[in-house]
>>> print(open('final_30.pdb').read())   # PDB, C-alpha atoms and all ligand atoms
MODEL        1
ATOM      1  CA  MET A1262      71.059 105.201 123.486
ATOM      2  CA  GLU A1263      73.843 103.865 121.303
ATOM      3  CA  LEU A1264      77.084 105.770 121.389
ATOM      4  CA  LEU A1265      77.852 105.664 117.697
ATOM      5  CA  LYS A1266      75.642 104.310 114.991
ATOM      6  CA  ALA A1267      75.566 104.114 111.197
ATOM      7  CA  VAL A1268      72.110 103.997 109.637
ATOM      8  CA  ASN A1269      71.773 103.229 105.922
ATOM      9  CA  LEU A1270      75.101 104.952 105.622
ATOM     10  CA  SER A1271      76.344 105.560 102.083
ATOM     11  CA  PHE A1272      79.075 107.628 100.544
ATOM     12  CA  SER A1273      79.995 108.269  96.923
ATOM     13  CA  TYR A1274      82.983 110.143  95.621
ATOM     14  CA  GLN A1275      81.934 112.204  92.689
ATOM     15  CA  ASN A1276      84.134 113.900  90.175
ATOM     16  CA  LYS A1277      83.751 115.104  86.629
ATOM     17  CA  TYR A1278      84.318 111.708  85.082
ATOM     18  CA  GLN A1279      83.005 109.126  87.476
ATOM     19  CA  THR A1280      81.138 108.281  90.642
ATOM     20  CA  VAL A1281      82.633 105.815  93.092
ATOM     21  CA  HIS A1282      80.201 104.227  95.528
ATOM     22  CA  ALA A1283      82.678 103.657  98.345
ATOM     23  CA  VAL A1284      80.251 102.891 101.205
ATOM     24  CA  LYS A1285      76.880 101.264 100.575
ATOM     25  CA  GLN A1286      73.919 101.155 102.950
ATOM     26  CA  VAL A1287      75.901 100.315 106.073
ATOM     27  CA  ASN A1288      74.083  99.658 109.358
ATOM     28  CA  CYS A1289      75.984  99.020 112.577
ATOM     29  CA  SER A1290      76.549 100.383 116.044
ATOM     30  CA  PHE A1291      79.435 100.784 118.435
ATOM     31  CA  GLU A1292      79.399 100.765 122.242
ATOM     32  CA  LEU A1293      81.707 102.028 124.957
ATOM     33  CA  GLY A1294      84.058  99.472 126.497
ATOM     34  CA  ARG A1295      84.418  97.396 123.341
ATOM     35  CA  THR A1296      86.984  96.915 120.596
ATOM     36  CA  TYR A1297      86.070  96.586 116.920
ATOM     37  CA  ALA A1298      88.116  95.624 113.888
ATOM     38  CA  ILE A1299      87.255  96.471 110.314
ATOM     39  CA  VAL A1300      89.039  94.281 107.800
ATOM     40  CA  GLY A1301      88.774  94.047 104.041
ATOM     41  CA  LYS A1302      90.703  94.330 100.804
ATOM     42  CA  SER A1303      92.454  97.474  99.645
ATOM     43  CA  GLY A1304      89.909  99.822  98.103
ATOM     44  CA  SER A1305      86.939  98.170  99.837
ATOM     45  CA  GLY A1306      85.927 101.416 101.608
ATOM     46  CA  LYS A1307      87.449 101.097 105.099
ATOM     47  CA  THR A1308      89.082 104.526 105.261
ATOM     48  CA  THR A1309      85.996 106.140 103.791
ATOM     49  CA  PHE A1310      83.832 104.460 106.432
ATOM     50  CA  LEU A1311      86.166 105.618 109.215
ATOM     51  CA  SER A1312      86.142 109.179 107.803
ATOM     52  CA  LEU A1313      82.355 109.150 107.996
ATOM     53  CA  LEU A1314      82.437 107.928 111.612
ATOM     54  CA  ALA A1315      84.939 110.708 112.370
ATOM     55  CA  GLY A1316      82.835 113.396 110.731
ATOM     56  CA  LEU A1317      85.652 114.139 108.288
ATOM     57  CA  GLU A1318      83.201 113.440 105.466
ATOM     58  CA  LEU A1319      79.450 113.809 105.566
ATOM     59  CA  PRO A1320      77.292 110.979 104.209
ATOM     60  CA  THR A1321      75.832 111.218 100.734
ATOM     61  CA  GLY A1322      73.090 108.887 102.039
ATOM     62  CA  GLY A1323      71.949 107.858 105.522
ATOM     63  CA  ASP A1324      73.541 109.055 108.740
ATOM     64  CA  VAL A1325      76.170 108.646 111.390
ATOM     65  CA  PHE A1326      74.653 109.309 114.800
ATOM     66  CA  PHE A1327      76.767 110.185 117.835
ATOM     67  CA  GLU A1328      74.626 110.019 120.996
ATOM     68  CA  GLY A1329      71.578 110.314 118.785
ATOM     69  CA  ARG A1330      72.728 113.342 116.816
ATOM     70  CA  SER A1331      73.632 113.159 113.150
ATOM     71  CA  THR A1332      77.067 114.339 112.062
ATOM     72  CA  ARG A1333      75.172 116.368 109.474
ATOM     73  CA  GLU A1334      73.850 118.543 112.305
ATOM     74  CA  MET A1335      76.879 118.929 114.494
ATOM     75  CA  ASP A1336      80.091 120.879 114.648
ATOM     76  CA  CYS A1337      82.365 118.055 113.505
ATOM     77  CA  ASP A1338      85.575 119.807 114.587
ATOM     78  CA  ALA A1339      84.216 119.979 118.125
ATOM     79  CA  TYR A1340      83.071 116.335 117.863
ATOM     80  CA  ARG A1341      86.631 115.253 117.045
ATOM     81  CA  ARG A1342      88.185 117.553 119.631
ATOM     82  CA  ASP A1343      85.926 116.429 122.475
ATOM     83  CA  HIS A1344      84.731 112.913 121.626
ATOM     84  CA  ALA A1345      86.361 111.100 118.705
ATOM     85  CA  ALA A1346      90.127 110.873 118.332
ATOM     86  CA  VAL A1347      91.403 109.897 114.893
ATOM     87  CA  ILE A1348      94.614 108.058 114.056
ATOM     88  CA  TYR A1349      95.107 108.548 110.316
ATOM     89  CA  GLN A1350      96.477 105.978 107.898
ATOM     90  CA  SER A1351      99.060 108.548 106.756
ATOM     91  CA  TYR A1352      99.656 109.898 110.318
ATOM     92  CA  ASN A1353      98.908 113.577 109.471
ATOM     93  CA  LEU A1354     101.485 114.872 111.912
ATOM     94  CA  PHE A1355     102.186 118.588 111.742
ATOM     95  CA  PRO A1356     105.574 118.790 109.989
ATOM     96  CA  MET A1357     106.536 122.072 111.642
ATOM     97  CA  LEU A1358     105.939 120.777 115.164
ATOM     98  CA  THR A1359     108.180 118.398 117.092
ATOM     99  CA  ALA A1360     106.925 115.022 118.290
ATOM    100  CA  ILE A1361     105.953 116.337 121.703
ATOM    101  CA  GLU A1362     104.427 119.531 120.274
ATOM    102  CA  ASN A1363     102.270 117.367 118.006
ATOM    103  CA  VAL A1364     100.923 115.520 121.040
ATOM    104  CA  ILE A1365     100.387 118.735 123.021
ATOM    105  CA  TYR A1366      98.537 120.456 120.162
ATOM    106  CA  PRO A1367      95.069 118.891 120.666
ATOM    107  CA  LEU A1368      95.413 119.395 124.426
ATOM    108  CA  LYS A1369      95.962 123.100 123.783
ATOM    109  CA  LEU A1370      92.727 123.115 121.779
ATOM    110  CA  LYS A1371      91.036 121.520 124.759
ATOM    111  CA  LYS A1372      92.482 124.235 127.006
ATOM    112  CA  VAL A1373      94.374 121.760 129.179
ATOM    113  CA  PRO A1374      96.842 123.730 131.383
ATOM    114  CA  LYS A1375     100.348 123.772 129.928
ATOM    115  CA  ALA A1376     102.127 121.783 132.649
ATOM    116  CA  GLU A1377      99.458 119.071 132.629
ATOM    117  CA  ALA A1378      99.502 118.914 128.814
ATOM    118  CA  MET A1379     103.282 118.455 128.912
ATOM    119  CA  GLU A1380     102.979 115.706 131.499
ATOM    120  CA  ARG A1381     100.259 113.854 129.566
ATOM    121  CA  ALA A1382     102.231 114.131 126.327
ATOM    122  CA  ARG A1383     105.362 112.698 127.954
ATOM    123  CA  THR A1384     103.391 109.833 129.472
ATOM    124  CA  GLN A1385     101.675 108.910 126.194
ATOM    125  CA  LEU A1386     104.841 109.151 124.130
ATOM    126  CA  THR A1387     106.643 106.914 126.614
ATOM    127  CA  ALA A1388     103.736 104.437 126.609
ATOM    128  CA  VAL A1389     104.033 103.956 122.841
ATOM    129  CA  GLY A1390     107.807 103.520 123.103
ATOM    130  CA  ILE A1391     109.066 106.927 121.969
ATOM    131  CA  LYS A1392     112.284 107.786 123.763
ATOM    132  CA  GLU A1393     113.032 111.047 125.539
ATOM    133  CA  GLU A1394     115.673 111.996 122.952
ATOM    134  CA  GLU A1395     113.070 111.673 120.172
ATOM    135  CA  PHE A1396     110.547 114.036 121.792
ATOM    136  CA  ALA A1397     112.108 117.135 120.238
ATOM    137  CA  ARG A1398     112.494 115.737 116.712
ATOM    138  CA  PHE A1399     110.339 116.847 113.830
ATOM    139  CA  PRO A1400     108.280 114.171 112.012
ATOM    140  CA  LEU A1401     110.707 113.999 109.081
ATOM    141  CA  GLN A1402     113.503 113.214 111.524
ATOM    142  CA  LEU A1403     111.622 110.141 112.756
ATOM    143  CA  SER A1404     111.169 106.737 111.116
ATOM    144  CA  GLY A1405     107.767 105.768 109.711
ATOM    145  CA  GLY A1406     107.015 103.554 112.690
ATOM    146  CA  GLN A1407     108.044 106.286 115.127
ATOM    147  CA  GLN A1408     105.787 108.787 113.340
ATOM    148  CA  GLN A1409     102.955 106.300 113.585
ATOM    149  CA  ARG A1410     103.502 105.948 117.331
ATOM    150  CA  VAL A1411     103.598 109.737 117.804
ATOM    151  CA  ALA A1412     100.271 109.917 115.931
ATOM    152  CA  ILE A1413      98.850 107.284 118.288
ATOM    153  CA  ALA A1414     100.148 109.172 121.341
ATOM    154  CA  ARG A1415      98.565 112.366 120.006
ATOM    155  CA  ALA A1416      95.189 110.689 119.586
ATOM    156  CA  LEU A1417      95.284 109.054 123.012
ATOM    157  CA  ALA A1418      96.553 112.039 125.001
ATOM    158  CA  ALA A1419      93.294 113.835 124.324
ATOM    159  CA  GLY A1420      91.463 111.235 126.450
ATOM    160  CA  ASN A1421      88.489 111.000 124.083
ATOM    161  CA  GLN A1422      85.936 108.213 124.451
ATOM    162  CA  ILE A1423      85.974 107.098 120.808
ATOM    163  CA  ILE A1424      89.219 106.028 119.149
ATOM    164  CA  LEU A1425      89.140 105.648 115.362
ATOM    165  CA  ALA A1426      92.381 104.192 114.066
ATOM    166  CA  ASP A1427      93.246 103.512 110.442
ATOM    167  CA  GLU A1428      95.924 100.799 110.237
ATOM    168  CA  PRO A1429      97.533 101.887 113.533
ATOM    169  CA  THR A1430     100.089  99.090 113.351
ATOM    170  CA  GLY A1431     100.690  99.230 109.592
ATOM    171  CA  ASN A1432     104.283 100.405 109.919
ATOM    172  CA  LEU A1433     105.260  98.743 113.147
ATOM    173  CA  ASP A1434     107.322  95.648 113.854
ATOM    174  CA  ILE A1435     105.487  92.813 115.610
ATOM    175  CA  GLY A1436     106.634  93.870 119.096
ATOM    176  CA  SER A1437     105.637  97.540 118.735
ATOM    177  CA  GLY A1438     102.406  96.471 117.053
ATOM    178  CA  GLU A1439     101.504  94.260 119.997
ATOM    179  CA  GLN A1440     102.334  97.082 122.400
ATOM    180  CA  VAL A1441      99.916  99.364 120.529
ATOM    181  CA  VAL A1442      97.211  96.677 120.471
ATOM    182  CA  ASP A1443      97.640  96.211 124.243
ATOM    183  CA  ILE A1444      97.226  99.950 124.781
ATOM    184  CA  LEU A1445      94.085 100.033 122.620
ATOM    185  CA  MET A1446      92.572  96.996 124.393
ATOM    186  CA  ARG A1447      93.211  98.533 127.811
ATOM    187  CA  LEU A1448      91.601 101.773 126.670
ATOM    188  CA  ALA A1449      88.428  99.866 125.893
ATOM    189  CA  HIS A1450      88.347  97.318 128.684
ATOM    190  CA  GLU A1451      89.776  99.408 131.553
ATOM    191  CA  ASP A1452      88.979 103.003 130.618
ATOM    192  CA  GLY A1453      85.694 102.243 128.840
ATOM    193  CA  CYS A1454      86.480 103.728 125.419
ATOM    194  CA  ALA A1455      85.040 102.508 122.134
ATOM    195  CA  VAL A1456      88.000 101.472 119.989
ATOM    196  CA  ILE A1457      87.496 100.987 116.255
ATOM    197  CA  ILE A1458      90.476  99.972 114.168
ATOM    198  CA  VAL A1459      90.986  99.249 110.515
ATOM    199  CA  THR A1460      93.591  96.552 110.067
ATOM    200  CA  HIS A1461      94.955  94.149 107.488
ATOM    201  CA  ASP A1462      96.377  92.014 110.260
ATOM    202  CA  LEU A1463      93.951  89.171 110.899
ATOM    203  CA  ASP A1464      95.806  88.181 114.043
ATOM    204  CA  ILE A1465      95.139  91.622 115.525
ATOM    205  CA  ALA A1466      91.557  91.600 114.240
ATOM    206  CA  SER A1467      90.886  88.288 115.993
ATOM    207  CA  GLN A1468      91.808  89.872 119.341
ATOM    208  CA  MET A1469      89.044  92.476 119.008
ATOM    209  CA  ASP A1470      85.570  91.950 120.510
ATOM    210  CA  GLU A1471      83.830  92.278 117.140
ATOM    211  CA  VAL A1472      85.064  92.001 113.583
ATOM    212  CA  PHE A1473      83.456  93.550 110.536
ATOM    213  CA  THR A1474      84.508  92.847 106.991
ATOM    214  CA  MET A1475      84.176  95.514 104.343
ATOM    215  CA  ARG A1476      83.592  94.112 100.872
ATOM    216  CA  ASP A1477      83.162  96.503  97.986
ATOM    217  CA  GLY A1478      81.526  99.144 100.218
ATOM    218  CA  VAL A1479      79.267  96.697 102.050
ATOM    219  CA  LEU A1480      79.878  95.989 105.753
ATOM    220  CA  LEU A1481      79.502  92.351 106.755
ATOM    221  CA  HIS A1482      79.144  91.358 110.400
ATOM    222  CA  ASP A1483      81.350  88.351 111.143
ATOM    223  CA  GLU A1484      80.416  85.167 113.112
TER
HETATM  224  N1  LIG B   1      88.966 111.197  96.734
HETATM  225  C1  LIG B   1      88.516 110.136  96.065
HETATM  226  N2  LIG B   1      87.917 110.288  94.841
HETATM  227  C2  LIG B   1      87.432 109.224  94.162
HETATM  228  N3  LIG B   1      87.493 107.959  94.615
HETATM  229  C3  LIG B   1      88.078 107.753  95.805
HETATM  230  C4  LIG B   1      88.618 108.818  96.596
HETATM  231  N4  LIG B   1      89.136 108.284  97.741
HETATM  232  C5  LIG B   1      88.924 106.957  97.668
HETATM  233  N5  LIG B   1      88.285 106.625  96.517
HETATM  234  C6  LIG B   1      87.847 105.276  96.084
HETATM  235  O1  LIG B   1      86.896 104.803  97.045
HETATM  236  C7  LIG B   1      87.080 103.397  97.275
HETATM  237  C8  LIG B   1      87.320 103.147  98.752
HETATM  238  O2  LIG B   1      88.542 103.738  99.130
HETATM  239  P1  LIG B   1      89.094 103.647 100.617
HETATM  240  O3  LIG B   1      90.263 104.564 100.724
HETATM  241  O4  LIG B   1      87.985 103.866 101.567
HETATM  242  O5  LIG B   1      89.562 102.118 100.690
HETATM  243  P2  LIG B   1      90.348 101.313 101.825
HETATM  244  O6  LIG B   1      89.526 100.097 102.120
HETATM  245  O7  LIG B   1      90.676 102.204 102.945
HETATM  246  O8  LIG B   1      91.681 100.834 101.086
HETATM  247  P3  LIG B   1      93.188 100.618 101.678
HETATM  248  O9  LIG B   1      93.148  99.302 102.404
HETATM  249  O10 LIG B   1      94.019 100.540 100.450
HETATM  250  O11 LIG B   1      93.535 101.774 102.550
HETATM  251  C9  LIG B   1      88.242 102.974  96.361
HETATM  252  O12 LIG B   1      87.691 102.454  95.179
HETATM  253  C10 LIG B   1      88.972 104.266  96.080
HETATM  254  O13 LIG B   1      89.594 104.232  94.820
HETATM  255 MG    MG B   2      92.475 102.916 103.728
ENDMDL
END
>>> encode(input="final_30.pdb", output="structure tokens", more="lines below")
Ligand SMILES: Nc1ncnc2c1ncn2[C@@H]1O[C@H](COP(=O)(O)OP(=O)(O)OP(=O)(O)O)[C@@H](O)[C@H]1O
Ligand SMILES: [Mg+2]
Amino acid sequence: MELLKAVNLSFSYQNKYQTVHAVKQVNCSFELGRTYAIVGKSGSGKTTFLSLLAGLELPTGGDVFFEGRSTREMDCDAYRRDHAAVIYQSYNLFPMLTAIENVIYPLKLKKVPKAEAMERARTQLTAVGIKEEEFARFPLQLSGGQQQRVAIARALAAGNQIILADEPTGNLDIGSGEQVVDILMRLAHEDGCAVIIVTHDLDIASQMDEVFTMRDGVLLHDE
């Protein structure tokens, strides 16, 4: 059975004045142990597609299946807590929590014992290049790139099998970006995760096992 699969997946934003068809009839599947890039112009539907895979939005047509079950039929909060970690384009860090508290938060939800949660948070923060003295800072006391790395550490500390990352290197210098790409590749190829990233960086995209291009809501399979 495929891990994660989109079948005739469509999504339209609807408001009083207009309907935007952001994702149109997408079919594709994702496996454990592989890395995927989604590229495409601004406004082409990448974030919307990722939100559907994450169960943050429900399809207006078709389905997203995780292990054969549609996101329409599942508890999507539990799906994200236990299976799919999301790294948001705008980080979504909790402003009232420090860097390390942000990373510990999802582990608390998973009922990981406090000392272990602390240890895992420290390890992940260090792996993405956050220094000890930055652990206790609040998001607004960190640079954009540092916030982005804390968001990555938070997503990875949970140890989920699916990683959905929206522009995870968007605010990073080349060195930090490469470090993050290395971490994501190891997660797939050594730990067996499915890693799906949206990126504008074609150099990063070319390092992924499969590349999809989103064009005006339609997903094109490269090669
Ligand atoms: N809440 C919303 N209401 C109406 N339209 C929306 C909403 N959010 C996004 N859209 C529209 O849906 C389309 C796809 O947006 P989406 O955010 O998925 O693009 P994207 O590929 O992630 O772009 P970017 O590279 O700039 O992040 C765009 O035309 C956008 O204007
Ligand atoms: Mg986007």
>>> atom_distance(input="final_30.pdb", atom1="atom O13 of ligand LIG 1 (chain B)", atom2="CA of Leu1463 (chain A)")
22.5 Å
>>> atom_distance(input="final_30.pdb", atom1="atom N5 of ligand LIG 1 (chain B)", atom2="CA of Tyr1278 (chain A)")
13.1 Å
>>> residues_around(input="final_30.pdb", residues="Leu1311 (chain A)", least_positions_apart="6", cutoff="10 Å", atoms="all atoms listed in the file", output="list in words")
Ile1299, Leu1317, Glu1318, Val1347, Tyr1349, Leu1425, Ala1426, Asp1427, Ile1457, Ile1458 and Val1459 of chain A
>>> residues_near_ligand(input="final_30.pdb", ligand="ligand LIG 1 (chain B)", cutoff="9 Å", atoms="only C-alpha atoms and all ligand atoms", output="number ranges by chain")
A: 1273-1276, 1279-1284, 1300-1312, 1350, 1427-1428, 1459-1461, 1475-1478
>>> resolve_selection(input="final_30.pdb", expression="the PyMOL selection byres (((chain A and resi 1297) around 9) and not hetatm)", output="PyMOL selection string")
chain A and resi 1291+1295-1296+1298-1299+1455-1459+1466+1469-1473
>>> resolve_selection(input="final_30.pdb", expression="the PyMOL selection byres (((chain A and resi 1346) around 9) and not hetatm)", output="VMD selection string")
chain A and resid 1315 1340 to 1345 1347 to 1348 1415 to 1417 1419 to 1426
>>> write_last_selection(input="final_30.pdb", atoms="C-alpha atoms", output="PDB file, in the coordinates of the input")
ATOM      1  CA  ALA A1315      84.939 110.708 112.370  1.00  0.00           C
ATOM      2  CA  TYR A1340      83.071 116.335 117.863  1.00  0.00           C
ATOM      3  CA  ARG A1341      86.631 115.253 117.045  1.00  0.00           C
ATOM      4  CA  ARG A1342      88.185 117.553 119.631  1.00  0.00           C
ATOM      5  CA  ASP A1343      85.926 116.429 122.475  1.00  0.00           C
ATOM      6  CA  HIS A1344      84.731 112.913 121.626  1.00  0.00           C
ATOM      7  CA  ALA A1345      86.361 111.100 118.705  1.00  0.00           C
ATOM      8  CA  VAL A1347      91.403 109.897 114.893  1.00  0.00           C
ATOM      9  CA  ILE A1348      94.614 108.058 114.056  1.00  0.00           C
ATOM     10  CA  ARG A1415      98.565 112.366 120.006  1.00  0.00           C
ATOM     11  CA  ALA A1416      95.189 110.689 119.586  1.00  0.00           C
ATOM     12  CA  LEU A1417      95.284 109.054 123.012  1.00  0.00           C
ATOM     13  CA  ALA A1419      93.294 113.835 124.324  1.00  0.00           C
ATOM     14  CA  GLY A1420      91.463 111.235 126.450  1.00  0.00           C
ATOM     15  CA  ASN A1421      88.489 111.000 124.083  1.00  0.00           C
ATOM     16  CA  GLN A1422      85.936 108.213 124.451  1.00  0.00           C
ATOM     17  CA  ILE A1423      85.974 107.098 120.808  1.00  0.00           C
ATOM     18  CA  ILE A1424      89.219 106.028 119.149  1.00  0.00           C
ATOM     19  CA  LEU A1425      89.140 105.648 115.362  1.00  0.00           C
ATOM     20  CA  ALA A1426      92.381 104.192 114.066  1.00  0.00           C
TER      21      ALA A1426
END
>>> residues_around(input="final_30.pdb", residues="Ser1437 (chain A)", least_positions_apart="6", cutoff="8 Å", atoms="all atoms listed in the file", output="ChimeraX atom specification")
/A:1389-1390,1430
>>> atom_distance(input="final_30.pdb", atom1="CA of Asn1432 (chain A)", atom2="CA of Gly1406 (chain A)")
5.0 Å
>>> residues_around(input="final_30.pdb", residues="Glu1394 (chain A)", least_positions_apart="5", cutoff="12 Å", atoms="all atoms listed in the file", output="VMD selection string")
chain A and resid 1359 to 1361 1383 1386 to 1387 1399 1402 to 1403
>>> axis_aligned_box(input="final_30.pdb", around="region 1308-1325 of chain A", padding_each_side="5 Å", output="AutoDock Vina command-line options")
--center_x 80.5 --center_y 109.3 --center_z 106.6 --size_x 27.1 --size_y 19.7 --size_z 21.6
>>> closest_residue(input="final_30.pdb", among="A:Glu1393, A:Ala1418, A:Ser1351, A:Glu1451", to="ligand MG 2 (chain B)", atoms="all atoms listed in the file")
A:Ser1351
>>> closest_residue(input="final_30.pdb", among="A:Leu1448, A:Cys1454, A:Asp1336, A:Leu1481", to="Val1287 (chain A)", atoms="all atoms listed in the file")
A:Leu1481
>>> residues_near_point(input="final_30.pdb", point="(107.7, 99.2, 118.6)", cutoff="9 Å", atoms="all atoms listed in the file", output="PyMOL selection string")
chain A and resi 1389-1391+1406-1407+1410+1433-1441
>>> closest_residue(input="final_30.pdb", among="A:Gly1329, A:Gly1431, A:Pro1367, A:Gly1322", to="Leu1270 (chain A)", atoms="only C-alpha atoms")
A:Gly1322
>>> closest_residue(input="final_30.pdb", among="A:Ser1290, A:Tyr1352, A:Asp1452, A:Phe1326", to="ligand MG 2 (chain B)", atoms="all atoms listed in the file")
A:Tyr1352
>>> decode(input="final_30.pdb", residues="region 1328-1403 of chain A", atoms="C-alpha atoms", output="PDB file, in the first residue's frame")
ATOM      1  CA  GLU A1328      -2.014   4.358   4.369  1.00  0.00           C
ATOM      2  CA  GLY A1329      -5.219   3.929   2.416  1.00  0.00           C
ATOM      3  CA  ARG A1330      -7.361   6.227   4.537  1.00  0.00           C
ATOM      4  CA  SER A1331      -8.678   9.532   3.259  1.00  0.00           C
ATOM      5  CA  THR A1332      -7.879  12.685   5.207  1.00  0.00           C
ATOM      6  CA  ARG A1333     -11.608  13.354   4.987  1.00  0.00           C
ATOM      7  CA  GLU A1334     -12.164  10.426   7.356  1.00  0.00           C
ATOM      8  CA  MET A1335      -9.384  10.875   9.842  1.00  0.00           C
ATOM      9  CA  ASP A1336      -8.505  12.981  12.832  1.00  0.00           C
ATOM     10  CA  CYS A1337      -6.084  15.295  11.033  1.00  0.00           C
ATOM     11  CA  ASP A1338      -4.591  16.712  14.243  1.00  0.00           C
ATOM     12  CA  ALA A1339      -3.613  13.193  15.269  1.00  0.00           C
ATOM     13  CA  TYR A1340      -2.303  12.526  11.733  1.00  0.00           C
ATOM     14  CA  ARG A1341       0.046  15.512  12.016  1.00  0.00           C
ATOM     15  CA  ARG A1342       1.023  14.714  15.594  1.00  0.00           C
ATOM     16  CA  ASP A1343       1.846  11.066  14.908  1.00  0.00           C
ATOM     17  CA  HIS A1344       2.734  10.800  11.212  1.00  0.00           C
ATOM     18  CA  ALA A1345       3.215  14.011   9.228  1.00  0.00           C
ATOM     19  CA  ALA A1346       5.425  16.829  10.473  1.00  0.00           C
ATOM     20  CA  VAL A1347       4.922  20.200   8.803  1.00  0.00           C
ATOM     21  CA  ILE A1348       7.495  22.946   8.319  1.00  0.00           C
ATOM     22  CA  TYR A1349       5.494  26.043   7.383  1.00  0.00           C
ATOM     23  CA  GLN A1350       6.534  28.690   4.884  1.00  0.00           C
ATOM     24  CA  SER A1351       5.972  31.338   7.577  1.00  0.00           C
ATOM     25  CA  TYR A1352       7.453  29.151  10.385  1.00  0.00           C
ATOM     26  CA  ASN A1353       4.382  29.355  12.698  1.00  0.00           C
ATOM     27  CA  LEU A1354       6.492  29.332  15.833  1.00  0.00           C
ATOM     28  CA  PHE A1355       4.640  30.018  19.062  1.00  0.00           C
ATOM     29  CA  PRO A1356       5.628  33.605  19.927  1.00  0.00           C
ATOM     30  CA  MET A1357       5.168  33.117  23.666  1.00  0.00           C
ATOM     31  CA  LEU A1358       7.462  30.091  23.818  1.00  0.00           C
ATOM     32  CA  THR A1359      11.251  30.134  23.629  1.00  0.00           C
ATOM     33  CA  ALA A1360      13.121  28.324  20.865  1.00  0.00           C
ATOM     34  CA  ILE A1361      13.595  25.185  22.926  1.00  0.00           C
ATOM     35  CA  GLU A1362      10.026  25.279  24.280  1.00  0.00           C
ATOM     36  CA  ASN A1363       8.775  25.438  20.690  1.00  0.00           C
ATOM     37  CA  VAL A1364      10.677  22.250  19.880  1.00  0.00           C
ATOM     38  CA  ILE A1365       9.528  20.505  23.071  1.00  0.00           C
ATOM     39  CA  TYR A1366       5.861  21.396  22.508  1.00  0.00           C
ATOM     40  CA  PRO A1367       4.955  18.642  19.994  1.00  0.00           C
ATOM     41  CA  LEU A1368       6.888  16.120  22.094  1.00  0.00           C
ATOM     42  CA  LYS A1369       4.696  17.051  25.056  1.00  0.00           C
ATOM     43  CA  LEU A1370       1.654  16.336  22.884  1.00  0.00           C
ATOM     44  CA  LYS A1371       3.171  12.962  22.111  1.00  0.00           C
ATOM     45  CA  LYS A1372       3.657  12.351  25.840  1.00  0.00           C
ATOM     46  CA  VAL A1373       7.424  11.975  25.528  1.00  0.00           C
ATOM     47  CA  PRO A1374       8.942  12.068  29.065  1.00  0.00           C
ATOM     48  CA  LYS A1375      10.256  15.513  29.973  1.00  0.00           C
ATOM     49  CA  ALA A1376      13.963  14.668  30.232  1.00  0.00           C
ATOM     50  CA  GLU A1377      13.933  12.814  26.910  1.00  0.00           C
ATOM     51  CA  ALA A1378      12.001  15.646  25.230  1.00  0.00           C
ATOM     52  CA  MET A1379      14.609  18.122  26.487  1.00  0.00           C
ATOM     53  CA  GLU A1380      17.433  15.950  25.202  1.00  0.00           C
ATOM     54  CA  ARG A1381      15.837  15.488  21.766  1.00  0.00           C
ATOM     55  CA  ALA A1382      15.126  19.213  21.484  1.00  0.00           C
ATOM     56  CA  ARG A1383      18.736  20.101  22.310  1.00  0.00           C
ATOM     57  CA  THR A1384      20.044  17.583  19.791  1.00  0.00           C
ATOM     58  CA  GLN A1385      17.787  18.812  16.974  1.00  0.00           C
ATOM     59  CA  LEU A1386      18.450  22.479  17.648  1.00  0.00           C
ATOM     60  CA  THR A1387      22.190  21.819  17.619  1.00  0.00           C
ATOM     61  CA  ALA A1388      21.886  19.798  14.394  1.00  0.00           C
ATOM     62  CA  VAL A1389      20.323  22.760  12.577  1.00  0.00           C
ATOM     63  CA  GLY A1390      23.003  25.111  13.917  1.00  0.00           C
ATOM     64  CA  ILE A1391      21.151  26.877  16.735  1.00  0.00           C
ATOM     65  CA  LYS A1392      23.556  27.755  19.520  1.00  0.00           C
ATOM     66  CA  GLU A1393      23.046  27.030  23.202  1.00  0.00           C
ATOM     67  CA  GLU A1394      22.695  30.743  24.013  1.00  0.00           C
ATOM     68  CA  GLU A1395      19.817  31.020  21.514  1.00  0.00           C
ATOM     69  CA  PHE A1396      17.773  28.175  23.032  1.00  0.00           C
ATOM     70  CA  ALA A1397      16.060  30.448  25.554  1.00  0.00           C
ATOM     71  CA  ARG A1398      15.219  33.271  23.133  1.00  0.00           C
ATOM     72  CA  PHE A1399      11.716  33.959  21.939  1.00  0.00           C
ATOM     73  CA  PRO A1400      11.066  33.841  18.162  1.00  0.00           C
ATOM     74  CA  LEU A1401      11.059  37.636  17.835  1.00  0.00           C
ATOM     75  CA  GLN A1402      14.524  37.712  19.380  1.00  0.00           C
ATOM     76  CA  LEU A1403      15.856  35.461  16.612  1.00  0.00           C
TER      77      LEU A1403
END
